[in-house]
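The structure appears below as structure tokens.
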Amino acid sequence: MRTKENFLIFGSPLIEEAEIEAVVASLKSGWLGTGPKVARFESDFAAYQGATYTAAVNSCTAALHLSLLAADLRPGDEVITTPLTFCATVNAILHAGATPVLADVDPVTMNIDPAQVEAKITARTRAILPVHFAGRPCEMAALMEIAERQGLKVIEDCAHAIETEYHGRKAGTFGDFGCFSFYVTKNVATGEGGMVVARSEADIARIKVLALHG
């Protein structure tokens, strides 16, 4: 039986001296948890996204989960999302106590089809959770029109979409919440990590409380 001597690494970002020095500086500062660097990262990320309210968390999964909780979902509420995504998207809905409802994707864009979303709406639907798959923006104009007409929350899964724009506007800034990932395979990597962008100061304040043991 032959085995590989060198296995493919799942995520291998470019780590150079500047990144190493930044980690060493953090260790020397004494701030190993949430501190001034995290606050600066939140501020810089808000400026980059053109957003006002941000909260750094430990993963995009946590960002999705806390956003769903901040959206005041109740058991039996339905959240429409895409079947073409990582399991964290659906898991976050389940962890929030809601029911995931899958609307099919457009075969060209690979993103959730607004017409399919509309067809899946019931009296129990409370939110839409689109995923900007592989950096391609969802049709946010159509999705936001549906959400506004139906009175639904929108939580954008932007795990693949830090740099994504839709009609000149950053992904994650259309809905009530935008959720980002800084996992090792992403364009901006912190090893682990996530961020929530929110339109409401009250929502982001609640998320920060929930993130710190709730």
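We name chains A, B, ... following the order of the structure tokens; residues begin at 1 in each chain, and ligands are numbered from 1 as shown.
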Write down as a PyMOL selection string the residues belonging to segment 1-120 of chain A that are assigned alpha helix (DSSP H) by DSSP computed on the backbone. chain A and resi 17-29+36-49+60-70+87-95+114-120
Using 9 Å as the limit and counting only C-alpha atoms, can you tabulate each residue of segment 28-116 of chain A that touches segment 132-142 of chain A, with its shortest atom-to-atom distance in Å and the two atoms involved, as a tab-separated table?
```
residue	atom	partner	partner_atom	distance
A:Leu84	CA	A:Phe133	CA	7.9
A:Thr85	CA	A:Phe133	CA	7.3
A:Thr109	CA	A:Arg136	CA	7.1
A:Met110	CA	A:Phe133	CA	6.7
A:Asn111	CA	A:Cys138	CA	5.7
A:Ile112	CA	A:Cys138	CA	6.9
A:Asp113	CA	A:Glu139	CA	7.9
A:Pro114	CA	A:Ala142	CA	6.3
A:Ala115	CA	A:Ala142	CA	8.8
```
12 Å contact set for Arg40 of chain A, only C-alpha atoms, chain neighbours under 6 positions out, as a list in words: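 In the requested form, the answer reads Thr34, Ala46, Ala47, Thr54, Ala55 and Ala56 of chain A.
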Could you pull out the strand (DSSP E) residues of segment 157-205 of chain A, going by DSSP on the backbone, and write them as a PyMOL selection string? chain A and resi 157+165-166+169-170+177-181+194-198
